[in-house]
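To be precise, the following lines are my_file.pdb, and they hold PDB, N, CA, C and O atoms.
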```
MODEL        1
ATOM      1  N   MET A  32       8.000   6.750 -10.465
ATOM      2  CA  MET A  32       6.741   7.144 -11.049
ATOM      3  C   MET A  32       6.116   8.240 -10.179
ATOM      4  O   MET A  32       6.130   8.145  -8.960
ATOM      5  N   ASP A  33       5.605   9.249 -10.810
ATOM      6  CA  ASP A  33       4.875  10.306 -10.111
ATOM      7  C   ASP A  33       3.394  10.159 -10.428
ATOM      8  O   ASP A  33       3.022   9.870 -11.565
ATOM      9  N   LEU A  34       2.560  10.345  -9.425
ATOM     10  CA  LEU A  34       1.107  10.279  -9.601
ATOM     11  C   LEU A  34       0.494  11.609  -9.213
ATOM     12  O   LEU A  34       0.942  12.252  -8.269
ATOM     13  N   ASN A  35      -0.543  11.977  -9.918
ATOM     14  CA  ASN A  35      -1.301  13.174  -9.601
ATOM     15  C   ASN A  35      -2.771  12.772  -9.633
ATOM     16  O   ASN A  35      -3.290  12.422 -10.681
ATOM     17  N   ILE A  36      -3.416  12.788  -8.481
ATOM     18  CA  ILE A  36      -4.814  12.378  -8.391
ATOM     19  C   ILE A  36      -5.671  13.626  -8.286
ATOM     20  O   ILE A  36      -5.549  14.400  -7.343
ATOM     21  N   LYS A  37      -6.543  13.797  -9.247
ATOM     22  CA  LYS A  37      -7.406  14.983  -9.287
ATOM     23  C   LYS A  37      -8.805  14.634  -8.801
ATOM     24  O   LYS A  37      -9.236  13.483  -8.851
ATOM     25  N   ASP A  38      -9.494  15.645  -8.341
ATOM     26  CA  ASP A  38     -10.903  15.547  -7.951
ATOM     27  C   ASP A  38     -11.155  14.541  -6.829
ATOM     28  O   ASP A  38     -12.200  13.900  -6.774
ATOM     29  N   LEU A  39     -10.204  14.411  -5.913
ATOM     30  CA  LEU A  39     -10.400  13.555  -4.746
ATOM     31  C   LEU A  39     -11.351  14.266  -3.792
ATOM     32  O   LEU A  39     -11.194  15.450  -3.507
ATOM     33  N   ASP A  40     -12.332  13.556  -3.323
ATOM     34  CA  ASP A  40     -13.316  14.124  -2.415
ATOM     35  C   ASP A  40     -12.616  14.661  -1.160
ATOM     36  O   ASP A  40     -11.696  14.025  -0.629
ATOM     37  N   ASP A  41     -13.032  15.819  -0.685
ATOM     38  CA  ASP A  41     -12.423  16.442   0.492
ATOM     39  C   ASP A  41     -12.460  15.529   1.712
ATOM     40  O   ASP A  41     -11.501  15.481   2.489
ATOM     41  N   ASP A  42     -13.565  14.796   1.885
ATOM     42  CA  ASP A  42     -13.676  13.887   3.026
ATOM     43  C   ASP A  42     -12.645  12.766   2.941
ATOM     44  O   ASP A  42     -12.094  12.354   3.960
ATOM     45  N   VAL A  43     -12.382  12.288   1.741
ATOM     46  CA  VAL A  43     -11.382  11.240   1.552
ATOM     47  C   VAL A  43      -9.996  11.794   1.870
ATOM     48  O   VAL A  43      -9.206  11.155   2.570
ATOM     49  N   GLY A  44      -9.703  12.988   1.385
ATOM     50  CA  GLY A  44      -8.424  13.621   1.671
ATOM     51  C   GLY A  44      -8.216  13.830   3.160
ATOM     52  O   GLY A  44      -7.126  13.569   3.689
ATOM     53  N   GLN A  45      -9.247  14.255   3.851
ATOM     54  CA  GLN A  45      -9.156  14.462   5.304
ATOM     55  C   GLN A  45      -8.903  13.143   6.017
ATOM     56  O   GLN A  45      -8.087  13.054   6.922
ATOM     57  N   ARG A  46      -9.601  12.109   5.602
ATOM     58  CA  ARG A  46      -9.419  10.786   6.221
ATOM     59  C   ARG A  46      -7.992  10.281   6.007
ATOM     60  O   ARG A  46      -7.383   9.727   6.921
ATOM     61  N   LEU A  47      -7.453  10.492   4.810
ATOM     62  CA  LEU A  47      -6.076  10.066   4.537
ATOM     63  C   LEU A  47      -5.082  10.841   5.400
ATOM     64  O   LEU A  47      -4.109  10.263   5.909
ATOM     65  N   ARG A  48      -5.326  12.136   5.587
ATOM     66  CA  ARG A  48      -4.457  12.938   6.463
ATOM     67  C   ARG A  48      -4.509  12.404   7.894
ATOM     68  O   ARG A  48      -3.483  12.307   8.564
ATOM     69  N   GLU A  49      -5.688  12.055   8.359
ATOM     70  CA  GLU A  49      -5.845  11.514   9.712
ATOM     71  C   GLU A  49      -5.125  10.180   9.866
ATOM     72  O   GLU A  49      -4.445   9.938  10.874
ATOM     73  N   GLN A  50      -5.278   9.312   8.877
ATOM     74  CA  GLN A  50      -4.634   7.999   8.948
ATOM     75  C   GLN A  50      -3.113   8.141   8.908
ATOM     76  O   GLN A  50      -2.400   7.434   9.627
ATOM     77  N   ALA A  51      -2.620   9.040   8.069
ATOM     78  CA  ALA A  51      -1.175   9.269   7.991
ATOM     79  C   ALA A  51      -0.648   9.793   9.322
ATOM     80  O   ALA A  51       0.378   9.320   9.830
ATOM     81  N   ALA A  52      -1.354  10.742   9.905
ATOM     82  CA  ALA A  52      -0.932  11.313  11.186
ATOM     83  C   ALA A  52      -0.928  10.246  12.269
ATOM     84  O   ALA A  52       0.001  10.181  13.088
ATOM     85  N   ALA A  53      -1.933   9.405  12.281
ATOM     86  CA  ALA A  53      -2.013   8.338  13.282
ATOM     87  C   ALA A  53      -0.852   7.357  13.140
ATOM     88  O   ALA A  53      -0.399   6.768  14.122
ATOM     89  N   ALA A  54      -0.371   7.197  11.913
ATOM     90  CA  ALA A  54       0.761   6.306  11.659
ATOM     91  C   ALA A  54       2.099   7.026  11.833
ATOM     92  O   ALA A  54       3.155   6.414  11.704
ATOM     93  N   GLY A  55       2.046   8.327  12.096
ATOM     94  CA  GLY A  55       3.272   9.100  12.267
ATOM     95  C   GLY A  55       4.009   9.326  10.960
ATOM     96  O   GLY A  55       5.231   9.447  10.942
ATOM     97  N   LEU A  56       3.260   9.384   9.864
ATOM     98  CA  LEU A  56       3.851   9.527   8.535
ATOM     99  C   LEU A  56       3.280  10.737   7.823
ATOM    100  O   LEU A  56       2.189  11.206   8.155
ATOM    101  N   SER A  57       4.022  11.202   6.836
ATOM    102  CA  SER A  57       3.460  12.216   5.943
ATOM    103  C   SER A  57       2.394  11.536   5.090
ATOM    104  O   SER A  57       2.392  10.301   4.935
ATOM    105  N   VAL A  58       1.499  12.307   4.529
ATOM    106  CA  VAL A  58       0.475  11.737   3.648
ATOM    107  C   VAL A  58       1.153  11.055   2.462
ATOM    108  O   VAL A  58       0.763   9.956   2.050
ATOM    109  N   GLN A  59       2.190  11.670   1.939
ATOM    110  CA  GLN A  59       2.906  11.102   0.797
ATOM    111  C   GLN A  59       3.489   9.728   1.150
ATOM    112  O   GLN A  59       3.329   8.771   0.391
ATOM    113  N   GLN A  60       4.146   9.616   2.297
ATOM    114  CA  GLN A  60       4.736   8.327   2.690
ATOM    115  C   GLN A  60       3.653   7.303   3.001
ATOM    116  O   GLN A  60       3.762   6.139   2.645
ATOM    117  N   TYR A  61       2.591   7.749   3.649
ATOM    118  CA  TYR A  61       1.481   6.851   3.962
ATOM    119  C   TYR A  61       0.892   6.266   2.683
ATOM    120  O   TYR A  61       0.689   5.055   2.577
ATOM    121  N   LEU A  62       0.651   7.130   1.693
ATOM    122  CA  LEU A  62       0.083   6.654   0.434
ATOM    123  C   LEU A  62       1.070   5.770  -0.319
ATOM    124  O   LEU A  62       0.677   4.780  -0.946
ATOM    125  N   ARG A  63       2.340   6.102  -0.259
ATOM    126  CA  ARG A  63       3.361   5.268  -0.900
ATOM    127  C   ARG A  63       3.324   3.857  -0.281
ATOM    128  O   ARG A  63       3.355   2.858  -0.990
ATOM    129  N   ASN A  64       3.247   3.786   1.039
ATOM    130  CA  ASN A  64       3.160   2.485   1.716
ATOM    131  C   ASN A  64       1.906   1.718   1.302
ATOM    132  O   ASN A  64       1.952   0.515   1.045
ATOM    133  N   GLU A  65       0.787   2.412   1.281
ATOM    134  CA  GLU A  65      -0.470   1.759   0.922
ATOM    135  C   GLU A  65      -0.461   1.273  -0.519
ATOM    136  O   GLU A  65      -0.919   0.167  -0.819
ATOM    137  N   LEU A  66       0.060   2.084  -1.425
ATOM    138  CA  LEU A  66       0.125   1.664  -2.830
ATOM    139  C   LEU A  66       1.073   0.481  -3.010
ATOM    140  O   LEU A  66       0.802  -0.422  -3.807
ATOM    141  N   THR A  67       2.156   0.460  -2.263
ATOM    142  CA  THR A  67       3.076  -0.677  -2.303
ATOM    143  C   THR A  67       2.383  -1.936  -1.811
ATOM    144  O   THR A  67       2.501  -3.014  -2.408
ATOM    145  N   ARG A  68       1.619  -1.794  -0.743
ATOM    146  CA  ARG A  68       0.870  -2.936  -0.198
ATOM    147  C   ARG A  68      -0.150  -3.458  -1.206
ATOM    148  O   ARG A  68      -0.252  -4.658  -1.457
ATOM    149  N   ILE A  69      -0.869  -2.541  -1.825
ATOM    150  CA  ILE A  69      -1.883  -2.931  -2.811
ATOM    151  C   ILE A  69      -1.235  -3.613  -4.015
ATOM    152  O   ILE A  69      -1.708  -4.635  -4.501
ATOM    153  N   ALA A  70      -0.124  -3.044  -4.483
ATOM    154  CA  ALA A  70       0.549  -3.597  -5.662
ATOM    155  C   ALA A  70       1.139  -4.977  -5.395
ATOM    156  O   ALA A  70       1.338  -5.751  -6.333
ATOM    157  N   SER A  71       1.395  -5.299  -4.140
ATOM    158  CA  SER A  71       1.983  -6.600  -3.819
ATOM    159  C   SER A  71       0.966  -7.736  -3.886
ATOM    160  O   SER A  71       1.341  -8.900  -3.933
ATOM    161  N   ARG A  72      -0.311  -7.378  -3.887
ATOM    162  CA  ARG A  72      -1.357  -8.402  -3.944
ATOM    163  C   ARG A  72      -1.646  -8.772  -5.392
ATOM    164  O   ARG A  72      -1.482  -7.960  -6.300
ATOM    165  N   LEU A  73      -2.106  -9.987  -5.583
ATOM    166  CA  LEU A  73      -2.523 -10.403  -6.910
ATOM    167  C   LEU A  73      -3.861  -9.749  -7.255
ATOM    168  O   LEU A  73      -4.725  -9.592  -6.393
ATOM    169  N   SER A  74      -4.007  -9.376  -8.496
ATOM    170  CA  SER A  74      -5.267  -8.804  -8.964
ATOM    171  C   SER A  74      -6.289  -9.923  -9.136
ATOM    172  O   SER A  74      -5.928 -11.103  -9.198
ATOM    173  N   PRO A  75      -7.574  -9.572  -9.250
ATOM    174  CA  PRO A  75      -8.576 -10.619  -9.508
ATOM    175  C   PRO A  75      -8.260 -11.424 -10.771
ATOM    176  O   PRO A  75      -8.427 -12.635 -10.784
ATOM    177  N   ALA A  76      -7.763 -10.765 -11.808
ATOM    178  CA  ALA A  76      -7.418 -11.477 -13.040
ATOM    179  C   ALA A  76      -6.283 -12.466 -12.784
ATOM    180  O   ALA A  76      -6.306 -13.595 -13.297
ATOM    181  N   GLU A  77      -5.303 -12.042 -11.995
ATOM    182  CA  GLU A  77      -4.195 -12.939 -11.672
ATOM    183  C   GLU A  77      -4.658 -14.096 -10.801
ATOM    184  O   GLU A  77      -4.202 -15.228 -10.959
ATOM    185  N   LEU A  78      -5.560 -13.814  -9.874
ATOM    186  CA  LEU A  78      -6.059 -14.858  -8.993
ATOM    187  C   LEU A  78      -6.827 -15.928  -9.763
ATOM    188  O   LEU A  78      -6.825 -17.095  -9.383
ATOM    189  N   SER A  79      -7.470 -15.530 -10.849
ATOM    190  CA  SER A  79      -8.245 -16.495 -11.624
ATOM    191  C   SER A  79      -7.375 -17.247 -12.624
ATOM    192  O   SER A  79      -7.818 -18.197 -13.236
ATOM    193  N   GLY A  80      -6.096 -16.837 -12.761
ATOM    194  CA  GLY A  80      -5.186 -17.504 -13.685
ATOM    195  C   GLY A  80      -4.506 -18.689 -13.034
ATOM    196  O   GLY A  80      -4.900 -19.183 -11.973
ATOM    197  N   ASP A  81      -3.467 -19.143 -13.658
ATOM    198  CA  ASP A  81      -2.729 -20.316 -13.174
ATOM    199  C   ASP A  81      -1.490 -19.912 -12.393
ATOM    200  O   ASP A  81      -0.404 -20.443 -12.601
ATOM    201  N   TYR A  82      -1.635 -18.970 -11.492
ATOM    202  CA  TYR A  82      -0.520 -18.514 -10.687
ATOM    203  C   TYR A  82      -0.446 -19.346  -9.409
ATOM    204  O   TYR A  82      -1.472 -19.576  -8.766
ATOM    205  N   PRO A  83       0.759 -19.751  -9.043
ATOM    206  CA  PRO A  83       0.873 -20.494  -7.775
ATOM    207  C   PRO A  83       0.634 -19.560  -6.595
ATOM    208  O   PRO A  83       0.893 -18.355  -6.697
ATOM    209  N   PRO A  84       0.146 -20.078  -5.498
ATOM    210  CA  PRO A  84      -0.067 -19.220  -4.330
ATOM    211  C   PRO A  84       1.272 -18.705  -3.798
ATOM    212  O   PRO A  84       2.314 -19.327  -3.984
ATOM    213  N   MET A  85       1.217 -17.566  -3.147
ATOM    214  CA  MET A  85       2.405 -16.984  -2.541
ATOM    215  C   MET A  85       2.834 -17.880  -1.385
ATOM    216  O   MET A  85       2.007 -18.279  -0.562
ATOM    217  N   ASP A  86       4.129 -18.196  -1.340
ATOM    218  CA  ASP A  86       4.589 -18.999  -0.217
ATOM    219  C   ASP A  86       4.931 -18.088   0.966
ATOM    220  O   ASP A  86       4.948 -16.872   0.864
ATOM    221  N   ARG A  87       5.177 -18.712   2.099
ATOM    222  CA  ARG A  87       5.393 -17.966   3.344
ATOM    223  C   ARG A  87       6.589 -17.016   3.239
ATOM    224  O   ARG A  87       6.534 -15.896   3.742
ATOM    225  N   SER A  88       7.669 -17.452   2.577
ATOM    226  CA  SER A  88       8.855 -16.595   2.476
ATOM    227  C   SER A  88       8.571 -15.357   1.623
ATOM    228  O   SER A  88       9.057 -14.273   1.937
ATOM    229  N   GLU A  89       7.789 -15.502   0.556
ATOM    230  CA  GLU A  89       7.416 -14.338  -0.262
ATOM    231  C   GLU A  89       6.562 -13.367   0.557
ATOM    232  O   GLU A  89       6.762 -12.158   0.496
ATOM    233  N   PHE A  90       5.607 -13.922   1.304
ATOM    234  CA  PHE A  90       4.747 -13.097   2.143
ATOM    235  C   PHE A  90       5.582 -12.334   3.174
ATOM    236  O   PHE A  90       5.412 -11.128   3.361
ATOM    237  N   GLU A  91       6.498 -13.040   3.840
ATOM    238  CA  GLU A  91       7.335 -12.398   4.851
ATOM    239  C   GLU A  91       8.244 -11.346   4.241
ATOM    240  O   GLU A  91       8.518 -10.318   4.858
ATOM    241  N   SER A  92       8.716 -11.573   3.024
ATOM    242  CA  SER A  92       9.558 -10.594   2.340
ATOM    243  C   SER A  92       8.782  -9.307   2.084
ATOM    244  O   SER A  92       9.289  -8.200   2.327
ATOM    245  N   ILE A  93       7.554  -9.428   1.630
ATOM    246  CA  ILE A  93       6.718  -8.251   1.385
ATOM    247  C   ILE A  93       6.399  -7.555   2.705
ATOM    248  O   ILE A  93       6.469  -6.330   2.810
ATOM    249  N   ARG A  94       6.095  -8.329   3.724
ATOM    250  CA  ARG A  94       5.802  -7.754   5.040
ATOM    251  C   ARG A  94       7.002  -6.944   5.550
ATOM    252  O   ARG A  94       6.849  -5.845   6.060
ATOM    253  N   GLN A  95       8.213  -7.481   5.382
ATOM    254  CA  GLN A  95       9.410  -6.778   5.831
ATOM    255  C   GLN A  95       9.639  -5.506   5.021
ATOM    256  O   GLN A  95      10.028  -4.470   5.565
ATOM    257  N   GLN A  96       9.381  -5.564   3.729
ATOM    258  CA  GLN A  96       9.523  -4.377   2.891
ATOM    259  C   GLN A  96       8.588  -3.267   3.363
ATOM    260  O   GLN A  96       8.978  -2.096   3.399
ATOM    261  N   LEU A  97       7.373  -3.616   3.730
ATOM    262  CA  LEU A  97       6.422  -2.622   4.224
ATOM    263  C   LEU A  97       6.872  -2.055   5.576
ATOM    264  O   LEU A  97       6.754  -0.861   5.825
ATOM    265  N   ARG A  98       7.395  -2.922   6.441
ATOM    266  CA  ARG A  98       7.919  -2.433   7.717
ATOM    267  C   ARG A  98       9.074  -1.462   7.484
ATOM    268  O   ARG A  98       9.180  -0.434   8.171
ATOM    269  N   ASP A  99       9.955  -1.805   6.547
ATOM    270  CA  ASP A  99      11.084  -0.937   6.227
ATOM    271  C   ASP A  99      10.594   0.418   5.712
ATOM    272  O   ASP A  99      11.140   1.462   6.066
ATOM    273  N   LEU A 100       9.556   0.395   4.883
ATOM    274  CA  LEU A 100       9.004   1.648   4.369
ATOM    275  C   LEU A 100       8.411   2.485   5.515
ATOM    276  O   LEU A 100       8.582   3.701   5.554
ATOM    277  N   ASP A 101       7.727   1.827   6.423
ATOM    278  CA  ASP A 101       7.130   2.540   7.554
ATOM    279  C   ASP A 101       8.194   3.144   8.452
ATOM    280  O   ASP A 101       7.967   4.185   9.080
ATOM    281  N   ALA A 102       9.357   2.524   8.518
ATOM    282  CA  ALA A 102      10.433   3.008   9.391
ATOM    283  C   ALA A 102      11.151   4.216   8.807
ATOM    284  O   ALA A 102      11.877   4.910   9.524
ATOM    285  N   GLN A 103      10.943   4.502   7.546
ATOM    286  CA  GLN A 103      11.629   5.628   6.902
ATOM    287  C   GLN A 103      11.053   6.950   7.293
ATOM    288  O   GLN A 103       9.979   7.184   7.532
TER     289      GLN A 103
ENDMDL
END
```

Once more with this new file: its structure as structure tokens, please.
Amino acid sequence: MDLNIKDLDDDVGQRLREQAAAAGLSVQQYLRNELTRIASRLSPAELSGDYPPMDRSEFESIRQQLRDLDAQ
């Protein structure tokens, strides 16, 4: 999937560049990691449904996936 975000405030863009640099990543990779992290969480609608809580192995699997992404 390709995303194109328009009209992002300059201050937000600068902050994202700073955070990416601090993590030693390109802005693109930094945002990819962050979006992956966000997508791994349950939404408020899902949280209010009948979904079982994430078990420790699922949590650790997601954590490892994020570490792997950061290592790229």

| For Ser57 of chain A, which residue out of A:Gln45, A:Gln103, A:Ser74, A:Ser92 is the nearest one, using all atoms listed in the file? | A:Gln103

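When atom CA of Arg68 of chain A is paired with atom CA of Asp86 of chain A, their separation reads 16.5 Å.
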
| Who sits within 7 Å of Asp101 of chain A, only N, CA, C and O atoms, same chain under 4 positions skipped, as a ChimeraX atom specification | /A:54-56,60,64,95-97

Every residue of chain A that DSSP places in helix (DSSP H, G or I), as a compact mmCIF listing (two decimals) with N, CA, C and O atoms, keeping the file's coordinate frame:
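Once written, selection10.txt looks like this:
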```
# COMPACT_ATOMS: atom_id res chain seq x y z
N ASP A 41 -13.03 15.82 -0.68
CA ASP A 41 -12.42 16.44 0.49
C ASP A 41 -12.46 15.53 1.71
O ASP A 41 -11.50 15.48 2.49
N ASP A 42 -13.56 14.80 1.88
CA ASP A 42 -13.68 13.89 3.03
C ASP A 42 -12.64 12.77 2.94
O ASP A 42 -12.09 12.35 3.96
N VAL A 43 -12.38 12.29 1.74
CA VAL A 43 -11.38 11.24 1.55
C VAL A 43 -10.00 11.79 1.87
O VAL A 43 -9.21 11.16 2.57
N GLY A 44 -9.70 12.99 1.38
CA GLY A 44 -8.42 13.62 1.67
C GLY A 44 -8.22 13.83 3.16
O GLY A 44 -7.13 13.57 3.69
N GLN A 45 -9.25 14.26 3.85
CA GLN A 45 -9.16 14.46 5.30
C GLN A 45 -8.90 13.14 6.02
O GLN A 45 -8.09 13.05 6.92
N ARG A 46 -9.60 12.11 5.60
CA ARG A 46 -9.42 10.79 6.22
C ARG A 46 -7.99 10.28 6.01
O ARG A 46 -7.38 9.73 6.92
N LEU A 47 -7.45 10.49 4.81
CA LEU A 47 -6.08 10.07 4.54
C LEU A 47 -5.08 10.84 5.40
O LEU A 47 -4.11 10.26 5.91
N ARG A 48 -5.33 12.14 5.59
CA ARG A 48 -4.46 12.94 6.46
C ARG A 48 -4.51 12.40 7.89
O ARG A 48 -3.48 12.31 8.56
N GLU A 49 -5.69 12.06 8.36
CA GLU A 49 -5.84 11.51 9.71
C GLU A 49 -5.12 10.18 9.87
O GLU A 49 -4.44 9.94 10.87
N GLN A 50 -5.28 9.31 8.88
CA GLN A 50 -4.63 8.00 8.95
C GLN A 50 -3.11 8.14 8.91
O GLN A 50 -2.40 7.43 9.63
N ALA A 51 -2.62 9.04 8.07
CA ALA A 51 -1.18 9.27 7.99
C ALA A 51 -0.65 9.79 9.32
O ALA A 51 0.38 9.32 9.83
N ALA A 52 -1.35 10.74 9.90
CA ALA A 52 -0.93 11.31 11.19
C ALA A 52 -0.93 10.25 12.27
O ALA A 52 0.00 10.18 13.09
N ALA A 53 -1.93 9.40 12.28
CA ALA A 53 -2.01 8.34 13.28
C ALA A 53 -0.85 7.36 13.14
O ALA A 53 -0.40 6.77 14.12
N VAL A 58 1.50 12.31 4.53
CA VAL A 58 0.48 11.74 3.65
C VAL A 58 1.15 11.06 2.46
O VAL A 58 0.76 9.96 2.05
N GLN A 59 2.19 11.67 1.94
CA GLN A 59 2.91 11.10 0.80
C GLN A 59 3.49 9.73 1.15
O GLN A 59 3.33 8.77 0.39
N GLN A 60 4.15 9.62 2.30
CA GLN A 60 4.74 8.33 2.69
C GLN A 60 3.65 7.30 3.00
O GLN A 60 3.76 6.14 2.64
N TYR A 61 2.59 7.75 3.65
CA TYR A 61 1.48 6.85 3.96
C TYR A 61 0.89 6.27 2.68
O TYR A 61 0.69 5.06 2.58
N LEU A 62 0.65 7.13 1.69
CA LEU A 62 0.08 6.65 0.43
C LEU A 62 1.07 5.77 -0.32
O LEU A 62 0.68 4.78 -0.95
N ARG A 63 2.34 6.10 -0.26
CA ARG A 63 3.36 5.27 -0.90
C ARG A 63 3.32 3.86 -0.28
O ARG A 63 3.36 2.86 -0.99
N ASN A 64 3.25 3.79 1.04
CA ASN A 64 3.16 2.48 1.72
C ASN A 64 1.91 1.72 1.30
O ASN A 64 1.95 0.52 1.04
N GLU A 65 0.79 2.41 1.28
CA GLU A 65 -0.47 1.76 0.92
C GLU A 65 -0.46 1.27 -0.52
O GLU A 65 -0.92 0.17 -0.82
N LEU A 66 0.06 2.08 -1.42
CA LEU A 66 0.12 1.66 -2.83
C LEU A 66 1.07 0.48 -3.01
O LEU A 66 0.80 -0.42 -3.81
N THR A 67 2.16 0.46 -2.26
CA THR A 67 3.08 -0.68 -2.30
C THR A 67 2.38 -1.94 -1.81
O THR A 67 2.50 -3.01 -2.41
N ARG A 68 1.62 -1.79 -0.74
CA ARG A 68 0.87 -2.94 -0.20
C ARG A 68 -0.15 -3.46 -1.21
O ARG A 68 -0.25 -4.66 -1.46
N ILE A 69 -0.87 -2.54 -1.82
CA ILE A 69 -1.88 -2.93 -2.81
C ILE A 69 -1.24 -3.61 -4.01
O ILE A 69 -1.71 -4.64 -4.50
N ALA A 70 -0.12 -3.04 -4.48
CA ALA A 70 0.55 -3.60 -5.66
C ALA A 70 1.14 -4.98 -5.40
O ALA A 70 1.34 -5.75 -6.33
N SER A 71 1.40 -5.30 -4.14
CA SER A 71 1.98 -6.60 -3.82
C SER A 71 0.97 -7.74 -3.89
O SER A 71 1.34 -8.90 -3.93
N PRO A 75 -7.57 -9.57 -9.25
CA PRO A 75 -8.58 -10.62 -9.51
C PRO A 75 -8.26 -11.42 -10.77
O PRO A 75 -8.43 -12.64 -10.78
N ALA A 76 -7.76 -10.76 -11.81
CA ALA A 76 -7.42 -11.48 -13.04
C ALA A 76 -6.28 -12.47 -12.78
O ALA A 76 -6.31 -13.60 -13.30
N GLU A 77 -5.30 -12.04 -12.00
CA GLU A 77 -4.20 -12.94 -11.67
C GLU A 77 -4.66 -14.10 -10.80
O GLU A 77 -4.20 -15.23 -10.96
N LEU A 78 -5.56 -13.81 -9.87
CA LEU A 78 -6.06 -14.86 -8.99
C LEU A 78 -6.83 -15.93 -9.76
O LEU A 78 -6.82 -17.10 -9.38
N ARG A 87 5.18 -18.71 2.10
CA ARG A 87 5.39 -17.97 3.34
C ARG A 87 6.59 -17.02 3.24
O ARG A 87 6.53 -15.90 3.74
N SER A 88 7.67 -17.45 2.58
CA SER A 88 8.86 -16.60 2.48
C SER A 88 8.57 -15.36 1.62
O SER A 88 9.06 -14.27 1.94
N GLU A 89 7.79 -15.50 0.56
CA GLU A 89 7.42 -14.34 -0.26
C GLU A 89 6.56 -13.37 0.56
O GLU A 89 6.76 -12.16 0.50
N PHE A 90 5.61 -13.92 1.30
CA PHE A 90 4.75 -13.10 2.14
C PHE A 90 5.58 -12.33 3.17
O PHE A 90 5.41 -11.13 3.36
N GLU A 91 6.50 -13.04 3.84
CA GLU A 91 7.34 -12.40 4.85
C GLU A 91 8.24 -11.35 4.24
O GLU A 91 8.52 -10.32 4.86
N SER A 92 8.72 -11.57 3.02
CA SER A 92 9.56 -10.59 2.34
C SER A 92 8.78 -9.31 2.08
O SER A 92 9.29 -8.20 2.33
N ILE A 93 7.55 -9.43 1.63
CA ILE A 93 6.72 -8.25 1.38
C ILE A 93 6.40 -7.56 2.70
O ILE A 93 6.47 -6.33 2.81
N ARG A 94 6.10 -8.33 3.72
CA ARG A 94 5.80 -7.75 5.04
C ARG A 94 7.00 -6.94 5.55
O ARG A 94 6.85 -5.84 6.06
N GLN A 95 8.21 -7.48 5.38
CA GLN A 95 9.41 -6.78 5.83
C GLN A 95 9.64 -5.51 5.02
O GLN A 95 10.03 -4.47 5.56
N GLN A 96 9.38 -5.56 3.73
CA GLN A 96 9.52 -4.38 2.89
C GLN A 96 8.59 -3.27 3.36
O GLN A 96 8.98 -2.10 3.40
N LEU A 97 7.37 -3.62 3.73
CA LEU A 97 6.42 -2.62 4.22
C LEU A 97 6.87 -2.06 5.58
O LEU A 97 6.75 -0.86 5.82
N ARG A 98 7.40 -2.92 6.44
CA ARG A 98 7.92 -2.43 7.72
C ARG A 98 9.07 -1.46 7.48
O ARG A 98 9.18 -0.43 8.17
N ASP A 99 9.96 -1.80 6.55
CA ASP A 99 11.08 -0.94 6.23
C ASP A 99 10.59 0.42 5.71
O ASP A 99 11.14 1.46 6.07
N LEU A 100 9.56 0.40 4.88
CA LEU A 100 9.00 1.65 4.37
C LEU A 100 8.41 2.48 5.52
O LEU A 100 8.58 3.70 5.55
N ASP A 101 7.73 1.83 6.42
CA ASP A 101 7.13 2.54 7.55
C ASP A 101 8.19 3.14 8.45
O ASP A 101 7.97 4.18 9.08
N ALA A 102 9.36 2.52 8.52
CA ALA A 102 10.43 3.01 9.39
C ALA A 102 11.15 4.22 8.81
O ALA A 102 11.88 4.91 9.52
```

| request: Using atom O of Ala76 of chain A and atom N of Leu34 of chain A as the two end points, give the distance in Å to one decimal. | output: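 For atom O of Ala76 of chain A relative to atom N of Leu34 of chain A, the distance reads 25.8 Å.
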
| said: Just to confirm, what's the straight-line distance from atom CA of Asn35 of chain A to atom C of Gln50 of chain A in Å (one decimal)? | reply: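 We find that atom CA of Asn35 of chain A and atom C of Gln50 of chain A lie 19.3 Å from each other.
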